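Okay, so here's the structure we're looking at.
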Amino acid sequence: MQNLTRAHDELYSRGVDERFDTLQDLWRHCQEEKERSVDRWHPPQAIKVEPAGSRCRVSLGQDGNFNMNDWSFSQLCRLANVNKDTLNRVSAATASQIFFETLPSDGKPLQALTMDDTVRAIHGAAYTRLYNCDLLSMVREFATDFQPPQTATIGGTGLYCGEQDMFVFLIDPAGWTEIDCEAFAPGFFLWNSEVGRRSVGVQTFWFQAVCANHIVWDAVEIVEFTRKHTANVHECFGQIREIIGRLVEKRDQRRDGFVATIRKAMETTLGRSADDVLKVLAKQGIPRAAAKEAVEIAAQRGRFTIFCVVDALTRLAGRIKHAGDRTEADERASALLALAA
């Protein structure tokens with residue numbers, strides 16, 4: 001089992017303005033960004049940087065002048081092969097002259113993603129964009145029972161989107177089932193960037209707990225898929241949908257199997273008499289004192305079914321003072337359900 005810290009890291013790197021309370025709120029935000037964004041293709045020689053007061057603006061041919069955010073300015077610096085920190089220390093006029101001398105003046109067209117009067121990103125011809133809202137639409141269709149975890153201690157929700165990327169953390173709070181006699185629920189992380197900050201990817205898992213700092217504890221069956229934003233990136237829709245679909249399918253199978261086991265446990269008896277049940281519990285490693293008290297509780301209900309005895313043992317375990325001993329007692333009790341499988 002592993003402890004997953006990806007959601008924890010996102011929690012502490014996101015500002016309040018990047019948090020969203022519901023998947024619907026996040027989808028609406030991403031949809032609005034897509035509707036307001038425009039891809040503009042220009043040859044390198046048509047892209048100019050000009051001073052505008054204390055800052056620089058970028059001219060995109062006949063499309064006009066646009067502001068830059070921190071990310072698009074960083075990308076422009078990489079295209080010019082100049083140090084961003086150096087440009088931040090000089091005047092806008094000097095920075096514009098540096099760009100004039102260092103930006104490529106020929107080659108394949110560049111694509112600039114603009115939103116209103118700001119350039120969100122500048123890429124070469126090989127980059128292929130994947131919009132956040134399209135990924136979220138797929139999630140809303142195929143993971144209908146999943147929702148964000150509990151709000152973290154510092155207010156993070158597990159749903160984030162900023163000017164550089166998106167991150168989604170969802171769980172199924174009703175999907176608990178047993179794997180090797182321990183309780184697990186399904187969840188997944190999903191991430192993407194419309195502006196080239198990171199790859200697109202998904203990680204699915206089964207977990208035992210999510211703490212208030214969004215660390216996922218004791219995760220198993222971890223599956224991860226990532227894809228770069230190259231020409232065939234849109235093929236990842238089918239692959240991510242398949243990965244999430246397998247998680248949902250396995251959840252349903254396990255939940256149905258667990259329900260069937262419980263139903264059978266409610267019908268199957270461990271013996272006709274208290275002595276018969278005590279002998280079975282002794283073979284299963286249940287301490288005699290706990291076994292005797294559990295049998296007395298089950299006898300009051302009139303039947304020595306597996307379910308009644310397990311329920312009685314679980315109630316008795318709740319009285320144990322030390323957590324380690326209590327967990328061990330719970331595991332012994334839960335193991336009895338295997339007798340109904």
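Every chain in the structure tokens has a letter given in the order shown (A, B, ...), and although residue numbers restart at 1 in each chain, ligands are simply numbered from 1 in the order shown.
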
**Residues near Val139 of chain A, cut-off 10 Å, only C-alpha atoms, skip fewer than 5 positions along chain, as a ChimeraX atom specification** = /A:23,133-134,144,146,170,190,240-241,244-245

**Request:** List every residue of segment 147-228 of chain A that DSSP, applied to the backbone, labels as strand (DSSP E), and write the result as a ChimeraX atom specification.
**Result:** /A:159-161,166-171,177-179,182-192,200-207,209-210,216-227

Could I get the residues of segment 220-271 of chain A with an atom no further than 8 Å from an atom of segment 202-206 of chain A, each paired with its nearest atom pair and that distance in Å to one decimal, using only C-alpha atoms, sorted by chain and residue number, as a Markdown table?
```
| residue | atom | partner | partner_atom | distance |
| --- | --- | --- | --- | --- |
| A:Val220 | CA | A:Trp206 | CA | 5.3 |
| A:Glu221 | CA | A:Phe205 | CA | 5.5 |
| A:Ile222 | CA | A:Phe205 | CA | 4.5 |
| A:Val223 | CA | A:Thr204 | CA | 5.2 |
| A:Glu224 | CA | A:Gln203 | CA | 4.2 |
| A:Phe225 | CA | A:Val202 | CA | 5.5 |
| A:Thr226 | CA | A:Val202 | CA | 6.6 |
| A:Ile240 | CA | A:Val202 | CA | 6.7 |
| A:Ile243 | CA | A:Thr204 | CA | 7.6 |
| A:Ile244 | CA | A:Thr204 | CA | 7.1 |
| A:Leu247 | CA | A:Thr204 | CA | 7.1 |
```

Could the residues in this selection be saved with N, CA and C atoms as a PDB file, in the first residue's frame?
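Once written, selection.pdb looks like this:
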```pdb
ATOM      1  N   VAL A 220      -4.133   1.229  -2.952  1.00  0.00           N
ATOM      2  CA  VAL A 220      -3.760   0.001  -3.663  1.00  0.00           C
ATOM      3  C   VAL A 220      -4.330   0.068  -5.080  1.00  0.00           C
ATOM      4  N   GLU A 221      -3.885  -0.881  -5.909  1.00  0.00           N
ATOM      5  CA  GLU A 221      -4.367  -0.996  -7.290  1.00  0.00           C
ATOM      6  C   GLU A 221      -4.273   0.351  -8.017  1.00  0.00           C
ATOM      7  N   ILE A 222      -3.107   0.952  -7.940  1.00  0.00           N
ATOM      8  CA  ILE A 222      -2.883   2.274  -8.528  1.00  0.00           C
ATOM      9  C   ILE A 222      -2.593   2.137 -10.021  1.00  0.00           C
ATOM     10  N   VAL A 223      -3.340   2.876 -10.824  1.00  0.00           N
ATOM     11  CA  VAL A 223      -3.155   2.872 -12.281  1.00  0.00           C
ATOM     12  C   VAL A 223      -2.943   4.315 -12.730  1.00  0.00           C
ATOM     13  N   GLU A 224      -1.883   4.563 -13.493  1.00  0.00           N
ATOM     14  CA  GLU A 224      -1.594   5.926 -13.949  1.00  0.00           C
ATOM     15  C   GLU A 224      -1.363   5.952 -15.455  1.00  0.00           C
ATOM     16  N   PHE A 225      -1.891   6.993 -16.081  1.00  0.00           N
ATOM     17  CA  PHE A 225      -1.715   7.202 -17.524  1.00  0.00           C
ATOM     18  C   PHE A 225      -1.448   8.679 -17.769  1.00  0.00           C
ATOM     19  N   THR A 226      -0.433   8.995 -18.586  1.00  0.00           N
ATOM     20  CA  THR A 226      -0.151  10.380 -18.957  1.00  0.00           C
ATOM     21  C   THR A 226       0.092  10.453 -20.456  1.00  0.00           C
ATOM     22  N   ILE A 240      -8.437   7.596 -21.197  1.00  0.00           N
ATOM     23  CA  ILE A 240      -8.811   8.036 -19.850  1.00  0.00           C
ATOM     24  C   ILE A 240     -10.221   7.554 -19.507  1.00  0.00           C
ATOM     25  N   ILE A 243      -9.976   3.940 -18.548  1.00  0.00           N
ATOM     26  CA  ILE A 243      -9.373   3.732 -17.226  1.00  0.00           C
ATOM     27  C   ILE A 243     -10.377   4.048 -16.118  1.00  0.00           C
ATOM     28  N   ILE A 244     -11.077   5.173 -16.244  1.00  0.00           N
ATOM     29  CA  ILE A 244     -12.095   5.527 -15.246  1.00  0.00           C
ATOM     30  C   ILE A 244     -13.242   4.526 -15.298  1.00  0.00           C
ATOM     31  N   LEU A 247     -12.430   1.477 -13.377  1.00  0.00           N
ATOM     32  CA  LEU A 247     -12.548   1.729 -11.936  1.00  0.00           C
ATOM     33  C   LEU A 247     -14.003   1.635 -11.500  1.00  0.00           C
TER      34      LEU A 247
END
```

**Item:** Length of the atom CA of Phe307 of chain A to atom CA of Ala291 of chain A vector [Å]
**Value:** 13.9 Å

Just list as a compact mmCIF listing (two decimals) with N, CA and C atoms, in the first residue's frame whatever in segment 265-327 of chain A DSSP marks as helix (DSSP H, G or I).
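Output contents, as saved in selection.txt:
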```
# COMPACT_ATOMS: atom_id res chain seq x y z
N ALA A 265 -24.23 -13.92 4.65
CA ALA A 265 -23.84 -13.97 6.06
C ALA A 265 -25.04 -13.83 6.98
N ALA A 274 -24.79 -22.64 21.10
CA ALA A 274 -23.73 -21.72 21.50
C ALA A 274 -22.38 -22.42 21.53
N ASP A 275 -22.36 -23.68 21.98
CA ASP A 275 -21.10 -24.43 22.03
C ASP A 275 -20.53 -24.64 20.63
N ASP A 276 -21.41 -24.91 19.66
CA ASP A 276 -20.94 -25.09 18.28
C ASP A 276 -20.28 -23.81 17.76
N VAL A 277 -20.91 -22.67 18.05
CA VAL A 277 -20.38 -21.38 17.58
C VAL A 277 -19.05 -21.06 18.26
N LEU A 278 -18.95 -21.35 19.56
CA LEU A 278 -17.71 -21.09 20.28
C LEU A 278 -16.55 -21.89 19.70
N LYS A 279 -16.82 -23.12 19.28
CA LYS A 279 -15.77 -23.96 18.67
C LYS A 279 -15.29 -23.34 17.35
N VAL A 280 -16.24 -22.81 16.54
CA VAL A 280 -15.89 -22.19 15.26
C VAL A 280 -15.05 -20.93 15.51
N LEU A 281 -15.47 -20.13 16.48
CA LEU A 281 -14.76 -18.89 16.77
C LEU A 281 -13.36 -19.17 17.31
N ALA A 282 -13.21 -20.23 18.07
CA ALA A 282 -11.89 -20.60 18.59
C ALA A 282 -10.95 -20.95 17.43
N LYS A 283 -11.47 -21.69 16.44
CA LYS A 283 -10.65 -22.06 15.27
C LYS A 283 -10.24 -20.82 14.47
N ARG A 288 -11.40 -16.27 23.72
CA ARG A 288 -12.55 -16.95 24.31
C ARG A 288 -13.51 -15.98 25.00
N ALA A 289 -12.97 -14.99 25.73
CA ALA A 289 -13.85 -14.07 26.45
C ALA A 289 -14.71 -13.26 25.47
N ALA A 290 -14.09 -12.77 24.41
CA ALA A 290 -14.84 -12.00 23.42
C ALA A 290 -15.83 -12.88 22.69
N ALA A 291 -15.41 -14.13 22.38
CA ALA A 291 -16.29 -15.05 21.68
C ALA A 291 -17.53 -15.37 22.53
N LYS A 292 -17.32 -15.61 23.83
CA LYS A 292 -18.44 -15.95 24.70
C LYS A 292 -19.44 -14.80 24.80
N GLU A 293 -18.93 -13.56 24.93
CA GLU A 293 -19.83 -12.42 25.04
C GLU A 293 -20.57 -12.17 23.72
N ALA A 294 -19.87 -12.37 22.60
CA ALA A 294 -20.51 -12.18 21.29
C ALA A 294 -21.61 -13.20 21.06
N VAL A 295 -21.35 -14.44 21.48
CA VAL A 295 -22.37 -15.48 21.34
C VAL A 295 -23.59 -15.16 22.19
N GLU A 296 -23.39 -14.61 23.37
CA GLU A 296 -24.52 -14.23 24.23
C GLU A 296 -25.34 -13.12 23.57
N ILE A 297 -24.66 -12.15 22.94
CA ILE A 297 -25.38 -11.07 22.25
C ILE A 297 -26.17 -11.63 21.07
N ALA A 298 -25.53 -12.54 20.29
CA ALA A 298 -26.21 -13.14 19.14
C ALA A 298 -27.40 -13.98 19.58
N ALA A 299 -27.27 -14.67 20.73
CA ALA A 299 -28.36 -15.51 21.23
C ALA A 299 -29.59 -14.67 21.56
N GLN A 300 -29.38 -13.43 22.00
CA GLN A 300 -30.51 -12.55 22.32
C GLN A 300 -31.32 -12.21 21.07
N ILE A 306 -23.70 -15.70 10.81
CA ILE A 306 -22.37 -15.08 10.69
C ILE A 306 -22.48 -13.58 10.89
N PHE A 307 -23.51 -12.98 10.30
CA PHE A 307 -23.67 -11.53 10.38
C PHE A 307 -23.88 -11.09 11.83
N CYS A 308 -24.75 -11.79 12.56
CA CYS A 308 -25.03 -11.42 13.95
C CYS A 308 -23.78 -11.53 14.82
N VAL A 309 -22.99 -12.58 14.60
CA VAL A 309 -21.79 -12.78 15.41
C VAL A 309 -20.74 -11.73 15.06
N VAL A 310 -20.54 -11.44 13.75
CA VAL A 310 -19.58 -10.42 13.33
C VAL A 310 -19.99 -9.05 13.89
N ASP A 311 -21.28 -8.74 13.80
CA ASP A 311 -21.77 -7.46 14.32
C ASP A 311 -21.51 -7.35 15.82
N ALA A 312 -21.73 -8.45 16.55
CA ALA A 312 -21.49 -8.45 17.99
C ALA A 312 -20.02 -8.25 18.31
N LEU A 313 -19.15 -8.94 17.58
CA LEU A 313 -17.71 -8.79 17.80
C LEU A 313 -17.23 -7.38 17.46
N THR A 314 -17.80 -6.78 16.43
CA THR A 314 -17.43 -5.42 16.05
C THR A 314 -17.82 -4.43 17.14
N ARG A 315 -19.02 -4.62 17.71
CA ARG A 315 -19.46 -3.75 18.81
C ARG A 315 -18.54 -3.89 20.02
N LEU A 316 -18.13 -5.12 20.31
CA LEU A 316 -17.23 -5.35 21.44
C LEU A 316 -15.86 -4.72 21.19
N ALA A 317 -15.40 -4.78 19.93
CA ALA A 317 -14.10 -4.19 19.60
C ALA A 317 -14.10 -2.69 19.84
N ALA A 323 -5.93 1.68 20.05
CA ALA A 323 -6.33 1.61 18.64
C ALA A 323 -5.77 0.38 17.94
N GLY A 324 -4.52 0.01 18.23
CA GLY A 324 -3.92 -1.15 17.59
C GLY A 324 -4.67 -2.43 17.92
N ASP A 325 -5.00 -2.60 19.20
CA ASP A 325 -5.75 -3.79 19.62
C ASP A 325 -7.16 -3.78 19.02
N ARG A 326 -7.73 -2.57 18.96
CA ARG A 326 -9.08 -2.45 18.40
C ARG A 326 -9.11 -2.82 16.91
N THR A 327 -8.10 -2.37 16.18
CA THR A 327 -8.02 -2.69 14.75
C THR A 327 -7.83 -4.17 14.54
```

**Item:** Among the residues A:Asn192, A:Ala212, A:Pro104, A:Thr114, the one that comes closest to Glu35 of chain A [using only C-alpha atoms]
**Value:**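 Between A:Asn192, A:Ala212, A:Pro104, A:Thr114, the residue approaching Glu35 of chain A most closely is A:Thr114.
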
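Residue nearest Arg227 of chain A, chosen from A:Ile171, A:Leu130, A:Ala121, A:Ile215 and counting only C-alpha atoms: A:Leu130.
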
**Request:** May I have the residues within 9 Å of Ala209 of chain A as a list of chain:residue names, using only C-alpha atoms and disregarding those fewer than 6 positions away in the same chain?
**Result:** A:Phe184, A:Ala185, A:Ile215, A:Val216, A:Trp217, A:Asp218, A:Ala219

Just N, CA and C atoms for this one: save the residues we selected as an mmCIF file, in the first residue's frame.
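Output saved as out-v9.cif:
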```
data_model
loop_
_atom_site.group_PDB
_atom_site.id
_atom_site.type_symbol
_atom_site.label_atom_id
_atom_site.label_comp_id
_atom_site.auth_asym_id
_atom_site.auth_seq_id
_atom_site.Cartn_x
_atom_site.Cartn_y
_atom_site.Cartn_z
ATOM 1 N N PHE A 184 -11.982 -0.402 1.535
ATOM 2 C CA PHE A 184 -11.396 0.528 0.568
ATOM 3 C C PHE A 184 -12.510 1.198 -0.228
ATOM 4 N N ALA A 185 -12.216 2.406 -0.714
ATOM 5 C CA ALA A 185 -13.136 3.118 -1.599
ATOM 6 C C ALA A 185 -12.345 3.596 -2.820
ATOM 7 N N ILE A 215 -3.912 13.993 2.044
ATOM 8 C CA ILE A 215 -3.038 12.856 1.783
ATOM 9 C C ILE A 215 -3.931 11.618 1.681
ATOM 10 N N VAL A 216 -3.746 10.841 0.635
ATOM 11 C CA VAL A 216 -4.526 9.612 0.438
ATOM 12 C C VAL A 216 -3.735 8.470 1.070
ATOM 13 N N TRP A 217 -4.317 7.861 2.097
ATOM 14 C CA TRP A 217 -3.615 6.847 2.868
ATOM 15 C C TRP A 217 -3.942 5.438 2.388
ATOM 16 N N ASP A 218 -2.884 4.606 2.366
ATOM 17 C CA ASP A 218 -3.014 3.166 2.102
ATOM 18 C C ASP A 218 -3.751 2.892 0.796
ATOM 19 N N ALA A 219 -3.204 3.406 -0.297
ATOM 20 C CA ALA A 219 -3.795 3.202 -1.615
ATOM 21 C C ALA A 219 -3.261 1.918 -2.251
#
```

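Minimum distance to Val38 of chain A across A:Asp165, A:Asp70, A:Asp63, A:Asp172 (counting only C-alpha atoms) occurs at A:Asp63.
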
**Item:** Neighbour list for Ser105 of chain A as a list of chain:residue names, cut-off 10 Å, only C-alpha atoms, skip fewer than 5 positions in-chain
**Value:** A:Pro43, A:Pro44, A:Gln45, A:Ala46, A:Ile47, A:Lys48, A:Phe100

**Request:** Record the distance separating atom CA of Arg57 of chain A and atom CA of Thr102 of chain A, expressed in Å with one decimal.
**Result:**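 Going from atom CA of Arg57 of chain A over to atom CA of Thr102 of chain A covers 16.1 Å.
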
**Prompt:** What's the 12 Å shell around Leu87 of chain A, counting only C-alpha atoms, without same-chain residues fewer than 3 positions away, as a ChimeraX atom specification?
**Reply:** /A:55-56,73-74,76-78,80-84,90-99

Can those selected residues be exported to a file as an mmCIF file, in the first residue's frame so that it contains C-alpha atoms?
```
data_model
loop_
_atom_site.group_PDB
_atom_site.id
_atom_site.type_symbol
_atom_site.label_atom_id
_atom_site.label_comp_id
_atom_site.auth_asym_id
_atom_site.auth_seq_id
_atom_site.Cartn_x
_atom_site.Cartn_y
_atom_site.Cartn_z
ATOM 1 C CA ARG A 55 5.540 46.500 -19.108
ATOM 2 C CA CYS A 56 5.768 44.818 -22.498
ATOM 3 C CA PHE A 73 5.955 35.801 -20.846
ATOM 4 C CA SER A 74 8.019 32.813 -19.653
ATOM 5 C CA LEU A 76 8.249 33.922 -24.971
ATOM 6 C CA CYS A 77 11.552 34.088 -23.085
ATOM 7 C CA ARG A 78 12.184 30.423 -23.874
ATOM 8 C CA ALA A 80 13.928 33.850 -27.534
ATOM 9 C CA ASN A 81 16.388 31.751 -25.486
ATOM 10 C CA VAL A 82 16.882 34.576 -22.972
ATOM 11 C CA ASN A 83 16.753 34.498 -19.190
ATOM 12 C CA LYS A 84 13.421 35.638 -17.757
ATOM 13 C CA VAL A 90 15.624 45.851 -17.378
ATOM 14 C CA SER A 91 13.234 48.496 -18.689
ATOM 15 C CA ALA A 92 10.344 47.595 -20.992
ATOM 16 C CA ALA A 93 12.096 49.370 -23.857
ATOM 17 C CA THR A 94 15.298 47.394 -23.309
ATOM 18 C CA ALA A 95 13.378 44.126 -22.970
ATOM 19 C CA SER A 96 11.561 44.845 -26.244
ATOM 20 C CA GLN A 97 14.874 45.436 -28.001
ATOM 21 C CA ILE A 98 16.255 42.170 -26.604
ATOM 22 C CA PHE A 99 13.220 40.286 -27.906
#
```

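Using only C-alpha atoms for every distance, the candidate list A:Leu270, A:Ala125, A:Val16, A:Ala52 yields A:Ala125 as the residue closest to Ala231 of chain A.
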
**Complete:** Taken to one decimal, the atom CA of Gln284 of chain A-atom CA of Leu336 of chain A distance is 7.5 Å

**Asked** What lies within 7 Å of Asp39 of chain A using only C-alpha atoms, ignoring chain neighbours under 5 positions off, as number ranges by chain?
**Response** A: 111-114

**Request:** Rank A:Arg319, A:Arg36, A:His214, A:Arg198 by their smallest atom-to-atom distance to Thr118 of chain A, using only C-alpha atoms, and report the top residue only.
**Result:**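 Smallest distance to Thr118 of chain A is found for A:Arg36.
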
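Near Val195 of chain A, within 10 Å and counting only C-alpha atoms, sit Trp71, Ser72, Gln75, Ala112, Leu113, Arg120, Ala121, Ile122, His123, Tyr127, Thr128, Arg129, Leu130, Tyr131, Glu163, Gln164, Asp165 and His229 of chain A, not including residues fewer than 6 positions from it in the same chain.
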
Let me see the file: selected residues, N, CA and C atoms, as a PDB file, in the first residue's frame.
```
ATOM      1  N   TRP A  71       2.945  33.272 -17.347  1.00  0.00           N
ATOM      2  CA  TRP A  71       3.252  32.037 -18.075  1.00  0.00           C
ATOM      3  C   TRP A  71       3.603  32.311 -19.536  1.00  0.00           C
ATOM      4  N   SER A  72       2.808  33.110 -20.227  1.00  0.00           N
ATOM      5  CA  SER A  72       3.098  33.379 -21.640  1.00  0.00           C
ATOM      6  C   SER A  72       4.390  34.184 -21.782  1.00  0.00           C
ATOM      7  N   GLN A  75       7.118  31.677 -21.607  1.00  0.00           N
ATOM      8  CA  GLN A  75       7.236  30.937 -22.861  1.00  0.00           C
ATOM      9  C   GLN A  75       7.938  31.768 -23.933  1.00  0.00           C
ATOM     10  N   ALA A 112      -0.611  31.359 -30.773  1.00  0.00           N
ATOM     11  CA  ALA A 112      -0.817  32.125 -29.547  1.00  0.00           C
ATOM     12  C   ALA A 112      -2.263  31.948 -29.108  1.00  0.00           C
ATOM     13  N   LEU A 113      -2.448  31.501 -27.872  1.00  0.00           N
ATOM     14  CA  LEU A 113      -3.795  31.366 -27.310  1.00  0.00           C
ATOM     15  C   LEU A 113      -4.108  32.641 -26.542  1.00  0.00           C
ATOM     16  N   ARG A 120      -2.558  33.917 -23.297  1.00  0.00           N
ATOM     17  CA  ARG A 120      -2.451  32.882 -22.282  1.00  0.00           C
ATOM     18  C   ARG A 120      -1.244  31.980 -22.510  1.00  0.00           C
ATOM     19  N   ALA A 121      -0.889  31.738 -23.789  1.00  0.00           N
ATOM     20  CA  ALA A 121       0.213  30.829 -24.094  1.00  0.00           C
ATOM     21  C   ALA A 121       0.700  31.067 -25.518  1.00  0.00           C
ATOM     22  N   ILE A 122       1.975  30.757 -25.748  1.00  0.00           N
ATOM     23  CA  ILE A 122       2.565  30.802 -27.082  1.00  0.00           C
ATOM     24  C   ILE A 122       3.310  29.492 -27.306  1.00  0.00           C
ATOM     25  N   HIS A 123       2.982  28.804 -28.411  1.00  0.00           N
ATOM     26  CA  HIS A 123       3.552  27.485 -28.675  1.00  0.00           C
ATOM     27  C   HIS A 123       4.052  27.380 -30.102  1.00  0.00           C
ATOM     28  N   TYR A 127       2.564  21.675 -30.888  1.00  0.00           N
ATOM     29  CA  TYR A 127       1.712  21.577 -29.701  1.00  0.00           C
ATOM     30  C   TYR A 127       0.243  21.439 -30.106  1.00  0.00           C
ATOM     31  N   THR A 128      -0.477  20.525 -29.443  1.00  0.00           N
ATOM     32  CA  THR A 128      -1.907  20.327 -29.681  1.00  0.00           C
ATOM     33  C   THR A 128      -2.657  20.556 -28.372  1.00  0.00           C
ATOM     34  N   ARG A 129      -3.623  21.446 -28.417  1.00  0.00           N
ATOM     35  CA  ARG A 129      -4.331  21.843 -27.200  1.00  0.00           C
ATOM     36  C   ARG A 129      -5.454  20.865 -26.864  1.00  0.00           C
ATOM     37  N   LEU A 130      -5.626  20.655 -25.572  1.00  0.00           N
ATOM     38  CA  LEU A 130      -6.716  19.836 -25.053  1.00  0.00           C
ATOM     39  C   LEU A 130      -7.421  20.663 -23.986  1.00  0.00           C
ATOM     40  N   TYR A 131      -8.689  20.986 -24.192  1.00  0.00           N
ATOM     41  CA  TYR A 131      -9.384  21.894 -23.283  1.00  0.00           C
ATOM     42  C   TYR A 131      -9.869  21.169 -22.026  1.00  0.00           C
ATOM     43  N   GLU A 163      -4.272  29.819 -14.067  1.00  0.00           N
ATOM     44  CA  GLU A 163      -3.926  30.230 -15.422  1.00  0.00           C
ATOM     45  C   GLU A 163      -2.997  29.240 -16.114  1.00  0.00           C
ATOM     46  N   GLN A 164      -2.397  28.309 -15.332  1.00  0.00           N
ATOM     47  CA  GLN A 164      -1.460  27.376 -15.937  1.00  0.00           C
ATOM     48  C   GLN A 164      -1.995  25.958 -16.088  1.00  0.00           C
ATOM     49  N   ASP A 165      -2.832  25.507 -15.164  1.00  0.00           N
ATOM     50  CA  ASP A 165      -3.279  24.119 -15.257  1.00  0.00           C
ATOM     51  C   ASP A 165      -4.506  23.860 -14.389  1.00  0.00           C
ATOM     52  N   HIS A 229       1.066  16.738 -24.979  1.00  0.00           N
ATOM     53  CA  HIS A 229       0.167  17.452 -25.883  1.00  0.00           C
ATOM     54  C   HIS A 229       0.778  17.528 -27.285  1.00  0.00           C
TER      55      HIS A 229
END
```

**Fill in**
Of A:Ala335, A:Met138, A:Met166, A:Leu26, the one nearest to Glu242 of chain A when counting only C-alpha atoms is A:Met138
